[in-house]
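Engineer: Hey, dropping input-v9.pdb in here, PDB, C-alpha atoms:
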```
ATOM      1  CA  MET A   1      62.110  97.148 111.680
ATOM      2  CA  THR A   2      59.067  99.093 112.972
ATOM      3  CA  GLU A   3      59.810 102.795 113.051
ATOM      4  CA  ALA A   4      59.587 104.849 116.224
ATOM      5  CA  THR A   5      57.136 107.768 116.205
ATOM      6  CA  ASP A   6      58.094 109.302 119.538
ATOM      7  CA  LEU A   7      61.648 110.434 118.880
ATOM      8  CA  PRO A   8      63.120 113.801 119.868
ATOM      9  CA  ARG A   9      63.177 116.053 116.778
ATOM     10  CA  GLU A  10      66.983 116.209 116.642
ATOM     11  CA  VAL A  11      67.158 112.408 116.655
ATOM     12  CA  GLU A  12      64.521 112.101 113.943
ATOM     13  CA  ALA A  13      66.581 114.496 111.808
ATOM     14  CA  MET A  14      69.541 112.108 112.050
ATOM     15  CA  ILE A  15      67.677 109.361 110.134
ATOM     16  CA  GLY A  16      68.906 109.253 106.546
ATOM     17  CA  ALA A  17      71.497 112.009 107.068
ATOM     18  CA  VAL A  18      75.005 111.374 105.733
ATOM     19  CA  LYS A  19      77.525 111.800 108.563
ATOM     20  CA  TYR A  20      81.231 111.479 109.188
ATOM     21  CA  GLU A  21      82.564 111.224 105.652
ATOM     22  CA  GLU A  22      86.239 110.366 105.965
ATOM     23  CA  SER A  23      89.072 108.859 103.993
ATOM     24  CA  GLY A  24      91.010 105.776 105.017
ATOM     25  CA  GLY A  25      94.205 107.800 105.162
ATOM     26  CA  PHE A  26      96.377 105.420 103.148
ATOM     27  CA  PRO A  27      96.051 103.633  99.803
ATOM     28  CA  VAL A  28      95.036  99.979  99.674
ATOM     29  CA  GLU A  29      98.190  97.886  99.510
ATOM     30  CA  ARG A  30      99.085  94.300  98.759
ATOM     31  CA  GLY A  31     101.234  93.775 101.847
ATOM     32  CA  TYR A  32      98.117  93.621 104.014
ATOM     33  CA  VAL A  33      96.410  91.401 101.435
ATOM     34  CA  TRP A  34      99.241  88.874 101.683
ATOM     35  CA  ASN A  35      99.399  89.212 105.490
ATOM     36  CA  THR A  36      95.677  88.405 105.652
ATOM     37  CA  CYS A  37      95.942  85.464 103.252
ATOM     38  CA  ALA A  38      98.940  84.151 105.230
ATOM     39  CA  ALA A  39      97.144  84.576 108.572
ATOM     40  CA  THR A  40      94.187  82.549 107.276
ATOM     41  CA  GLU A  41      96.213  80.180 105.043
ATOM     42  CA  ASN A  42      94.073  81.305 102.105
ATOM     43  CA  ALA A  43      95.546  79.872  98.886
ATOM     44  CA  ASN A  44      93.032  81.528  96.529
ATOM     45  CA  PRO A  45      95.186  82.204  93.432
ATOM     46  CA  ILE A  46      93.468  85.514  92.622
ATOM     47  CA  PHE A  47      95.486  86.960  95.531
ATOM     48  CA  TRP A  48      98.806  85.224  94.794
ATOM     49  CA  ASP A  49      99.083  84.734  91.029
ATOM     50  CA  ASP A  50      98.909  87.859  88.861
ATOM     51  CA  ALA A  51      98.112  85.857  85.719
ATOM     52  CA  VAL A  52      95.064  84.323  87.431
ATOM     53  CA  ALA A  53      94.075  87.732  88.822
ATOM     54  CA  ALA A  54      94.324  89.221  85.307
ATOM     55  CA  GLU A  55      92.098  86.497  83.905
ATOM     56  CA  ILE A  56      89.445  86.341  86.625
ATOM     57  CA  THR A  57      89.337  89.713  88.390
ATOM     58  CA  ASP A  58      90.868  91.996  85.747
ATOM     59  CA  GLY A  59      93.993  92.445  87.898
ATOM     60  CA  PRO A  60      94.840  92.151  91.589
ATOM     61  CA  ILE A  61      92.140  92.780  94.193
ATOM     62  CA  ALA A  62      91.904  92.677  97.976
ATOM     63  CA  PRO A  63      89.835  89.974  99.699
ATOM     64  CA  PRO A  64      86.303  91.402  99.981
ATOM     65  CA  THR A  65      86.185  90.755 103.741
ATOM     66  CA  MET A  66      89.084  93.204 104.197
ATOM     67  CA  LEU A  67      86.657  96.104 103.561
ATOM     68  CA  SER A  68      86.962  97.627 107.027
ATOM     69  CA  VAL A  69      90.723  96.994 107.250
ATOM     70  CA  TRP A  70      91.398 100.044 105.068
ATOM     71  CA  PHE A  71      89.686 102.176 107.672
ATOM     72  CA  ARG A  72      91.480 101.275 110.850
ATOM     73  CA  PRO A  73      93.788 104.156 111.747
ATOM     74  CA  HIS A  74      97.503 103.701 112.336
ATOM     75  CA  HIS A  75      98.375 102.773 115.908
ATOM     76  CA  TRP A  76     100.261 106.055 116.109
ATOM     77  CA  ALA A  77     100.475 109.067 113.821
ATOM     78  CA  PRO A  78     102.517 112.263 114.172
ATOM     79  CA  GLY A  79     100.633 115.076 115.867
ATOM     80  CA  ARG A  80      97.489 113.065 116.487
ATOM     81  CA  THR A  81      95.901 113.860 119.848
ATOM     82  CA  GLU A  82      92.373 112.477 119.593
ATOM     83  CA  GLU A  83      91.475 108.832 119.587
ATOM     84  CA  HIS A  84      89.664 107.775 116.418
ATOM     85  CA  LEU A  85      86.223 106.422 117.356
ATOM     86  CA  PRO A  86      84.665 103.988 114.910
ATOM     87  CA  LEU A  87      80.922 104.111 114.195
ATOM     88  CA  ARG A  88      80.437 107.503 115.842
ATOM     89  CA  VAL A  89      76.739 107.678 114.942
ATOM     90  CA  HIS A  90      76.220 104.783 117.363
ATOM     91  CA  PHE A  91      77.764 106.794 120.205
ATOM     92  CA  ASP A  92      75.894 109.952 119.157
ATOM     93  CA  LEU A  93      72.621 108.017 119.430
ATOM     94  CA  LYS A  94      73.406 106.646 122.891
ATOM     95  CA  GLU A  95      73.973 110.189 124.068
ATOM     96  CA  ALA A  96      71.019 111.783 122.255
ATOM     97  CA  LEU A  97      68.594 109.133 123.537
ATOM     98  CA  GLY A  98      70.113 108.990 127.038
ATOM     99  CA  LEU A  99      70.850 105.275 126.807
ATOM    100  CA  PRO A 100      74.033 104.497 128.756
ATOM    101  CA  GLU A 101      74.618 100.918 127.575
ATOM    102  CA  ALA A 102      74.712  99.502 124.072
ATOM    103  CA  VAL A 103      75.551  96.276 122.270
ATOM    104  CA  MET A 104      75.820  95.334 118.602
ATOM    105  CA  THR A 105      73.444  92.504 117.823
ATOM    106  CA  ASP A 106      74.440  91.750 114.262
ATOM    107  CA  ASN A 107      76.541  92.925 111.380
ATOM    108  CA  THR A 108      75.906  92.438 107.643
ATOM    109  CA  ILE A 109      78.451  93.230 104.938
ATOM    110  CA  THR A 110      77.341  93.634 101.318
ATOM    111  CA  PHE A 111      80.150  93.648  98.779
ATOM    112  CA  GLY A 112      80.202  95.853  95.692
ATOM    113  CA  GLU A 113      82.909  96.538  93.135
ATOM    114  CA  PRO A 114      86.204  94.887  94.200
ATOM    115  CA  VAL A 115      88.763  96.915  96.165
ATOM    116  CA  ARG A 116      92.113  97.119  94.327
ATOM    117  CA  PRO A 117      95.669  97.994  95.347
ATOM    118  CA  SER A 118      96.245 101.784  95.342
ATOM    119  CA  ASP A 119      92.511 102.506  95.741
ATOM    120  CA  GLU A 120      91.700 105.371  98.103
ATOM    121  CA  ILE A 121      88.543 104.437  99.964
ATOM    122  CA  THR A 122      86.211 106.803 101.781
ATOM    123  CA  SER A 123      83.514 105.912 104.281
ATOM    124  CA  ARG A 124      80.362 107.603 105.506
ATOM    125  CA  GLN A 125      77.784 106.694 108.123
ATOM    126  CA  ILE A 126      74.011 106.805 107.668
ATOM    127  CA  LEU A 127      71.445 106.065 110.371
ATOM    128  CA  ARG A 128      68.718 104.045 108.635
ATOM    129  CA  SER A 129      66.135 103.411 111.341
ATOM    130  CA  ILE A 130      65.282 103.489 115.064
ATOM    131  CA  SER A 131      62.732 101.183 116.686
ATOM    132  CA  PRO A 132      60.077 102.045 119.287
ATOM    133  CA  GLU A 133      61.110 101.341 122.901
ATOM    134  CA  LYS A 134      61.507  97.641 123.595
ATOM    135  CA  THR A 135      62.390  95.590 126.646
ATOM    136  CA  THR A 136      64.811  92.687 126.337
ATOM    137  CA  LYS A 137      66.640  90.665 128.982
ATOM    138  CA  LEU A 138      69.334  93.379 128.946
ATOM    139  CA  GLY A 139      66.999  96.271 129.705
ATOM    140  CA  THR A 140      64.708  98.796 128.028
ATOM    141  CA  GLY A 141      65.850 100.731 125.011
ATOM    142  CA  ARG A 142      65.783 100.925 121.246
ATOM    143  CA  PHE A 143      67.259  99.055 118.296
ATOM    144  CA  TRP A 144      68.858 101.046 115.498
ATOM    145  CA  VAL A 145      70.425 100.259 112.137
ATOM    146  CA  ILE A 146      73.480 102.170 110.936
ATOM    147  CA  ASP A 147      75.006 101.708 107.464
ATOM    148  CA  VAL A 148      78.653 102.439 106.796
ATOM    149  CA  GLU A 149      79.074 102.951 103.048
ATOM    150  CA  TYR A 150      82.462 102.598 101.384
ATOM    151  CA  HIS A 151      83.305 104.184  98.015
ATOM    152  CA  ASN A 152      86.489 104.185  95.934
ATOM    153  CA  GLN A 153      88.226 107.257  94.447
ATOM    154  CA  ASP A 154      85.882 107.105  91.423
ATOM    155  CA  GLY A 155      82.806 107.283  93.651
ATOM    156  CA  VAL A 156      81.916 103.620  93.002
ATOM    157  CA  LEU A 157      80.353 101.716  95.903
ATOM    158  CA  VAL A 158      82.714  98.975  97.085
ATOM    159  CA  GLY A 159      80.622  97.810 100.019
ATOM    160  CA  VAL A 160      78.214  98.546 102.850
ATOM    161  CA  GLU A 161      78.471  97.386 106.440
ATOM    162  CA  SER A 162      75.132  97.427 108.209
ATOM    163  CA  TYR A 163      75.153  97.300 111.999
ATOM    164  CA  THR A 164      72.168  96.657 114.254
ATOM    165  CA  GLY A 165      72.717  98.124 117.719
ATOM    166  CA  PHE A 166      70.590  98.020 120.870
ATOM    167  CA  GLY A 167      70.982 100.977 123.235
ATOM    168  CA  TYR A 168      69.407 100.449 126.645
ATOM    169  CA  ARG A 169      69.086 101.217 130.326
ATOM    170  CA  ARG A 170      69.613  98.364 132.773
ATOM    171  CA  PRO A 171      66.549  97.501 134.891
ATOM    172  CA  ALA A 172      66.561  99.573 138.103
TER     173      ALA A 172
ATOM    174  CA  MET B   1      91.888  74.916  93.134
ATOM    175  CA  THR B   2      88.903  73.463  91.297
ATOM    176  CA  GLN B   3      85.993  75.630  90.189
ATOM    177  CA  LEU B   4      82.453  74.933  91.340
ATOM    178  CA  THR B   5      79.562  75.721  88.993
ATOM    179  CA  LEU B   6      75.935  76.247  89.996
ATOM    180  CA  ASP B   7      74.715  72.952  88.481
ATOM    181  CA  GLN B   8      76.962  71.026  90.908
ATOM    182  CA  VAL B   9      75.190  72.461  93.989
ATOM    183  CA  ALA B  10      71.966  71.348  95.684
ATOM    184  CA  VAL B  11      70.087  72.524  98.761
ATOM    185  CA  GLY B  12      71.259  70.554 101.789
ATOM    186  CA  ASP B  13      74.781  70.013 100.468
ATOM    187  CA  ALA B  14      77.443  70.206 103.167
ATOM    188  CA  LEU B  15      80.669  72.093 102.550
ATOM    189  CA  PRO B  16      83.926  70.250 103.356
ATOM    190  CA  GLU B  17      84.711  70.965 107.018
ATOM    191  CA  LEU B  18      87.741  73.040 107.925
ATOM    192  CA  SER B  19      89.416  72.333 111.236
ATOM    193  CA  TYR B  20      92.249  74.516 112.539
ATOM    194  CA  ASP B  21      94.251  74.520 115.758
ATOM    195  CA  VAL B  22      94.374  78.100 117.016
ATOM    196  CA  THR B  23      97.560  79.359 118.671
ATOM    197  CA  ALA B  24      98.455  82.770 120.081
ATOM    198  CA  THR B  25     100.254  83.352 116.772
ATOM    199  CA  THR B  26      97.000  82.693 114.841
ATOM    200  CA  VAL B  27      95.163  85.301 116.917
ATOM    201  CA  ILE B  28      97.921  87.926 116.770
ATOM    202  CA  LEU B  29      98.764  87.462 113.064
ATOM    203  CA  GLY B  30      95.089  87.859 112.210
ATOM    204  CA  ALA B  31      94.593  90.907 114.412
ATOM    205  CA  LEU B  32      97.616  92.723 113.007
ATOM    206  CA  ALA B  33      96.826  91.770 109.387
ATOM    207  CA  SER B  34      93.404  93.381 109.898
ATOM    208  CA  ARG B  35      95.023  96.459 111.526
ATOM    209  CA  ASP B  36      93.249  95.787 114.809
ATOM    210  CA  TRP B  37      95.692  96.976 117.458
ATOM    211  CA  ARG B  38      93.394  96.599 120.459
ATOM    212  CA  PRO B  39      95.265  94.879 123.291
ATOM    213  CA  MET B  40      92.737  92.107 123.994
ATOM    214  CA  HIS B  41      93.856  90.562 120.701
ATOM    215  CA  HIS B  42      97.578  90.398 121.577
ATOM    216  CA  ASP B  43      98.099  91.026 125.326
ATOM    217  CA  ARG B  44      97.024  88.175 127.595
ATOM    218  CA  ASP B  45      97.322  90.209 130.810
ATOM    219  CA  PHE B  46      95.051  92.890 129.376
ATOM    220  CA  ALA B  47      92.506  90.318 128.135
ATOM    221  CA  GLN B  48      92.391  88.575 131.507
ATOM    222  CA  VAL B  49      92.323  91.668 133.723
ATOM    223  CA  ARG B  50      90.274  94.099 131.617
ATOM    224  CA  ASN B  51      88.041  91.791 129.578
ATOM    225  CA  GLY B  52      87.763  89.002 132.112
ATOM    226  CA  THR B  53      88.464  86.404 129.423
ATOM    227  CA  ARG B  54      90.751  83.437 129.886
ATOM    228  CA  ASP B  55      93.165  84.593 127.177
ATOM    229  CA  ILE B  56      93.479  86.810 124.097
ATOM    230  CA  PHE B  57      90.764  86.084 121.536
ATOM    231  CA  MET B  58      90.236  86.296 117.765
ATOM    232  CA  ASN B  59      88.966  89.624 116.453
ATOM    233  CA  THR B  60      85.869  89.859 114.260
ATOM    234  CA  PRO B  61      87.492  91.155 111.027
ATOM    235  CA  ASN B  62      89.951  88.266 111.076
ATOM    236  CA  GLN B  63      87.106  85.812 111.618
ATOM    237  CA  ALA B  64      85.462  87.327 108.532
ATOM    238  CA  ALA B  65      88.639  86.547 106.567
ATOM    239  CA  TRP B  66      88.524  82.945 107.837
ATOM    240  CA  PHE B  67      84.863  82.629 106.725
ATOM    241  CA  GLU B  68      85.876  83.956 103.301
ATOM    242  CA  ARG B  69      88.670  81.375 103.030
ATOM    243  CA  PHE B  70      86.327  78.568 104.111
ATOM    244  CA  VAL B  71      83.725  79.454 101.459
ATOM    245  CA  THR B  72      86.097  80.180  98.573
ATOM    246  CA  ASP B  73      88.108  77.003  99.260
ATOM    247  CA  TRP B  74      84.857  75.296  98.244
ATOM    248  CA  THR B  75      83.717  77.548  95.376
ATOM    249  CA  GLY B  76      87.119  78.072  93.753
ATOM    250  CA  PRO B  77      88.517  81.434  92.633
ATOM    251  CA  ARG B  78      85.523  82.519  90.543
ATOM    252  CA  GLY B  79      83.318  82.360  93.618
ATOM    253  CA  ARG B  80      82.490  85.970  94.523
ATOM    254  CA  LEU B  81      81.126  86.930  97.921
ATOM    255  CA  GLY B  82      77.959  88.997  97.766
ATOM    256  CA  ARG B  83      76.874  89.299 101.373
ATOM    257  CA  MET B  84      77.742  88.042 104.862
ATOM    258  CA  LYS B  85      75.684  88.372 108.033
ATOM    259  CA  PHE B  86      77.491  87.664 111.292
ATOM    260  CA  ARG B  87      76.352  86.880 114.793
ATOM    261  CA  MET B  88      79.083  86.742 117.392
ATOM    262  CA  ARG B  89      78.188  84.448 120.290
ATOM    263  CA  ASP B  90      81.376  83.332 121.988
ATOM    264  CA  SER B  91      85.133  83.864 121.714
ATOM    265  CA  VAL B  92      87.878  81.791 120.086
ATOM    266  CA  PHE B  93      91.052  81.421 122.180
ATOM    267  CA  PRO B  94      94.564  79.988 121.701
ATOM    268  CA  GLY B  95      94.396  76.238 122.337
ATOM    269  CA  ASP B  96      90.952  75.968 120.717
ATOM    270  CA  THR B  97      90.375  73.868 117.619
ATOM    271  CA  MET B  98      87.996  75.867 115.488
ATOM    272  CA  VAL B  99      85.769  73.981 113.080
ATOM    273  CA  PHE B 100      84.006  75.650 110.173
ATOM    274  CA  ALA B 101      80.976  73.849 108.762
ATOM    275  CA  GLY B 102      78.452  74.985 106.193
ATOM    276  CA  THR B 103      75.174  73.857 104.626
ATOM    277  CA  VAL B 104      73.599  75.106 101.415
ATOM    278  CA  LYS B 105      70.242  76.754 102.148
ATOM    279  CA  ALA B 106      69.368  77.924  98.643
ATOM    280  CA  ALA B 107      70.899  77.755  95.185
ATOM    281  CA  GLY B 108      69.693  79.087  91.856
ATOM    282  CA  ALA B 109      70.063  81.711  89.168
ATOM    283  CA  GLY B 110      68.704  85.200  89.855
ATOM    284  CA  ASP B 111      66.586  87.254  87.400
ATOM    285  CA  ASP B 112      69.825  88.603  85.999
ATOM    286  CA  GLY B 113      71.267  85.114  85.391
ATOM    287  CA  CYS B 114      73.774  85.312  88.226
ATOM    288  CA  GLY B 115      74.274  81.988  90.058
ATOM    289  CA  TRP B 116      73.621  82.532  93.757
ATOM    290  CA  ILE B 117      74.195  80.178  96.672
ATOM    291  CA  ASP B 118      73.071  80.918 100.238
ATOM    292  CA  ILE B 119      75.007  79.047 102.912
ATOM    293  CA  ASP B 120      74.683  78.839 106.695
ATOM    294  CA  VAL B 121      78.170  78.634 108.176
ATOM    295  CA  THR B 122      79.076  78.006 111.801
ATOM    296  CA  LEU B 123      82.370  78.327 113.612
ATOM    297  CA  THR B 124      82.342  75.983 116.588
ATOM    298  CA  VAL B 125      84.877  74.982 119.235
ATOM    299  CA  ASP B 126      83.957  71.627 120.782
ATOM    300  CA  ASP B 127      80.218  72.113 121.400
ATOM    301  CA  ARG B 128      80.393  75.898 121.635
ATOM    302  CA  VAL B 129      78.959  77.786 118.664
ATOM    303  CA  CYS B 130      81.225  80.838 118.567
ATOM    304  CA  THR B 131      80.048  82.605 115.405
ATOM    305  CA  THR B 132      77.345  82.030 112.828
ATOM    306  CA  CYS B 133      77.480  83.545 109.378
ATOM    307  CA  GLU B 134      74.895  83.602 106.600
ATOM    308  CA  VAL B 135      76.846  83.825 103.358
ATOM    309  CA  ARG B 136      75.558  84.687  99.879
ATOM    310  CA  VAL B 137      78.114  83.823  97.214
ATOM    311  CA  ALA B 138      77.945  83.959  93.426
ATOM    312  CA  VAL B 139      79.378  81.077  91.384
ATOM    313  CA  PRO B 140      79.578  80.577  87.609
ATOM    314  CA  THR B 141      76.456  79.142  85.948
ATOM    315  CA  SER B 142      78.639  77.515  83.258
ATOM    316  CA  ASP B 143      82.320  76.965  82.480
ATOM    317  CA  ASP B 144      82.587  80.270  80.625
ATOM    318  CA  ASP B 145      80.682  82.385  83.187
ATOM    319  CA  ASN B 146      82.509  84.599  85.702
ATOM    320  CA  PRO B 147      80.646  86.491  88.473
ATOM    321  CA  TRP B 148      83.623  88.881  88.810
ATOM    322  CA  ALA B 149      82.803  90.233  85.345
ATOM    323  CA  ARG B 150      79.575  91.727  86.702
ATOM    324  CA  HIS B 151      79.588  95.472  87.422
ATOM    325  CA  GLY B 152      77.084  98.182  88.328
ATOM    326  CA  ASP B 153      73.455  97.105  87.949
ATOM    327  CA  ASP B 154      74.528  93.611  86.858
ATOM    328  CA  TRP B 155      75.870  92.935  90.369
ATOM    329  CA  ARG B 156      72.975  92.788  92.848
ATOM    330  CA  PRO B 157      73.976  90.840  95.973
TER     331      PRO B 157
END
```
Just give me the structure of the file as structure tokens.
Structural biologist:
Amino acid sequence: MTEATDLPREVEAMIGAVKYEESGGFPVERGYVWNTCAATENANPIFWDDAVAAEITDGPIAPPTMLSVWFRPHHWAPGRTEEHLPLRVHFDLKEALGLPEAVMTDNTITFGEPVRPSDEITSRQILRSISPEKTTKLGTGRFWVIDVEYHNQDGVLVGVESYTGFGYRRPA
Amino acid sequence: MTQLTLDQVAVGDALPELSYDVTATTVILGALASRDWRPMHHDRDFAQVRNGTRDIFMNTPNQAAWFERFVTDWTGPRGRLGRMKFRMRDSVFPGDTMVFAGTVKAAGAGDDGCGWIDIDVTLTVDDRVCTTCEVRVAVPTSDDDNPWARHGDDWRP
């Protein structure tokens, strides 16, 4: 993506900065693995047969596509008053650039070391790039790319979700 | 489950289609298994009134799990997902029959000897393309190879 050269200084400083490091809040567990395999009728034996898992994946793992599952907060938690907002850098950018509307145009997940039961995963958000102003059929605004990196308790990268967003103003 | 190896794959190969009749239970099971509690994935009144959709609809993380199942049904258990790129175009509702189809775009061993296959997968309902997904998956290059045994710098999806 072409880089913008006309950004406010505080927005430029956001590029490459590590933001919103947080933990998933509960250890990875097999109940959700089996719920997911049941919901999708996924018979892959690495999730159902411990002997196969031992042979192929060095023990049980979670399906790679469950990466973000370990980060969705409980529907309710004692004492919690604020709603948990996912991908906060995206909302920070809308505000900092004064762009009231935004859509996600695509989402890429890159998988690293497998996620295993009892892992404690942490995530962090990094703004990678912002485009010059562009006009699409939605309006005029900018594209940006935000990476969400996921690491396990040993600091090993288990995956990266990369989101392309377009923040814009509707045509007057 | 049989195990696919790289030598059995050629560009242009089609994956076996997967067809599935979606019910409200499919949508809700998938949403809750992916810890997605948002009401448009389980509450029809909310979906109709607030989202303006005809019914509840499948959430993205659950669709990702369906794409994984579709691809690994074909590769077998040593198939290891490296990368997935999604584009969401339209929604999947109860009553829809979703059809997953895939075509091999590239296949070959990387510099590090890992056997990579790139696949274009589509989820369609009737003639509506609902989601497209570019998938990069590693498969064994021989009977005694296992992509899951790759760690650190040896795993470069």
Engineer: Take the PyMOL selection byres ((chain A) within 10 of (chain B)), apply it to the structure above, and return the hits as a PyMOL selection string.
Structural biologist: chain A and resi 31-47+52-53+55-58+63-75+104-114+156-157+159-163
Engineer: Kindly assemble as CSV a list of the stretch 15-56 of chain B residues that lie within 12 Å of stretch 119-128 of chain B, each paired with its nearest atom pair and their distance in Å to one decimal, using all atoms listed in the file, sorted first by chain and then by ascending residue number.
Structural biologist:
```
residue,atom,partner,partner_atom,distance
B:Leu15,CA,B:Ile119,CA,9.0
B:Pro16,CA,B:Val121,CA,11.3
B:Glu17,CA,B:Val121,CA,10.1
B:Leu18,CA,B:Leu123,CA,9.4
B:Ser19,CA,B:Leu123,CA,9.6
B:Tyr20,CA,B:Val125,CA,10.0
B:Asp21,CA,B:Val125,CA,10.0
B:Val22,CA,B:Val125,CA,10.2
```
Engineer: Can you turn the PyMOL selection byres ((chain A and resi 118-125) around 9) into a concrete residue list for this file, as a PDB file with C-alpha atoms, in the coordinates of the input?
Structural biologist:
```
ATOM      1  CA  ALA A  17      71.497 112.009 107.068  1.00  0.00           C
ATOM      2  CA  VAL A  18      75.005 111.374 105.733  1.00  0.00           C
ATOM      3  CA  LYS A  19      77.525 111.800 108.563  1.00  0.00           C
ATOM      4  CA  TYR A  20      81.231 111.479 109.188  1.00  0.00           C
ATOM      5  CA  GLU A  21      82.564 111.224 105.652  1.00  0.00           C
ATOM      6  CA  GLU A  22      86.239 110.366 105.965  1.00  0.00           C
ATOM      7  CA  SER A  23      89.072 108.859 103.993  1.00  0.00           C
ATOM      8  CA  GLY A  24      91.010 105.776 105.017  1.00  0.00           C
ATOM      9  CA  GLY A  25      94.205 107.800 105.162  1.00  0.00           C
ATOM     10  CA  PHE A  26      96.377 105.420 103.148  1.00  0.00           C
ATOM     11  CA  PRO A  27      96.051 103.633  99.803  1.00  0.00           C
ATOM     12  CA  VAL A  28      95.036  99.979  99.674  1.00  0.00           C
ATOM     13  CA  GLU A  29      98.190  97.886  99.510  1.00  0.00           C
ATOM     14  CA  ARG A  30      99.085  94.300  98.759  1.00  0.00           C
ATOM     15  CA  TRP A  70      91.398 100.044 105.068  1.00  0.00           C
ATOM     16  CA  PHE A  71      89.686 102.176 107.672  1.00  0.00           C
ATOM     17  CA  LEU A  87      80.922 104.111 114.195  1.00  0.00           C
ATOM     18  CA  ARG A  88      80.437 107.503 115.842  1.00  0.00           C
ATOM     19  CA  VAL A  89      76.739 107.678 114.942  1.00  0.00           C
ATOM     20  CA  VAL A 115      88.763  96.915  96.165  1.00  0.00           C
ATOM     21  CA  ARG A 116      92.113  97.119  94.327  1.00  0.00           C
ATOM     22  CA  PRO A 117      95.669  97.994  95.347  1.00  0.00           C
ATOM     23  CA  ILE A 126      74.011 106.805 107.668  1.00  0.00           C
ATOM     24  CA  LEU A 127      71.445 106.065 110.371  1.00  0.00           C
ATOM     25  CA  ILE A 146      73.480 102.170 110.936  1.00  0.00           C
ATOM     26  CA  ASP A 147      75.006 101.708 107.464  1.00  0.00           C
ATOM     27  CA  VAL A 148      78.653 102.439 106.796  1.00  0.00           C
ATOM     28  CA  GLU A 149      79.074 102.951 103.048  1.00  0.00           C
ATOM     29  CA  TYR A 150      82.462 102.598 101.384  1.00  0.00           C
ATOM     30  CA  HIS A 151      83.305 104.184  98.015  1.00  0.00           C
ATOM     31  CA  ASN A 152      86.489 104.185  95.934  1.00  0.00           C
ATOM     32  CA  GLN A 153      88.226 107.257  94.447  1.00  0.00           C
ATOM     33  CA  GLY A 155      82.806 107.283  93.651  1.00  0.00           C
ATOM     34  CA  VAL A 158      82.714  98.975  97.085  1.00  0.00           C
TER      35      VAL A 158
END
```
Engineer: State, in Å with one decimal place, the distance from atom CA of B:Val139 to atom CA of B:Leu4.
Structural biologist: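 So the two atoms, atom CA of B:Val139 and atom CA of B:Leu4, lie 6.9 Å apart.
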Engineer: If the PyMOL selection byres ((chain A and resi 102) around 8) is run on the structure shown, which residues does it catch, given as a PyMOL selection string?
Structural biologist: chain A and resi 94+99-101+103-104+165-168
Engineer: Which one of B:Asp143, B:Lys105, B:Asp153, B:Gly110 sits closest to B:Ala10 if you count only C-alpha atoms?
Structural biologist: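 Of B:Asp143, B:Lys105, B:Asp153, B:Gly110, the one nearest B:Ala10, counting only C-alpha atoms, is B:Lys105.
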Engineer: For stretch 55-67 of chain B, I'd like the enclosing box, axis-aligned and padded by 3 Å on every side, reported as JSON with centre and edge lengths in Å to one decimal.
Structural biologist:
```
{"center_x": 89.2, "center_y": 86.9, "center_z": 116.9, "size_x": 14.6, "size_y": 14.5, "size_z": 26.6}
```
Engineer: What does the distance from atom CA of A:Glu12 to atom CA of A:Trp144 come to in Å, to one decimal?
Structural biologist: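 Separation of atom CA of A:Glu12 and atom CA of A:Trp144: 12.0 Å.
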Engineer: Please return as a list in words every residue within 12 Å of (55.8, 106.4, 116.2), taking into account only C-alpha atoms and the file's own coordinates.
Structural biologist: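 The residues near that point, listed by chain and number, are Thr2, Glu3, Ala4, Thr5, Asp6, Leu7, Pro8, Glu12, Ser129, Ile130, Ser131, Pro132 and Glu133 of chain A.
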Engineer: For atom CA of A:Leu97 and atom CA of B:Asn59, determine how far apart the two atoms are, in Å to one decimal place.
Structural biologist: 29.1 Å
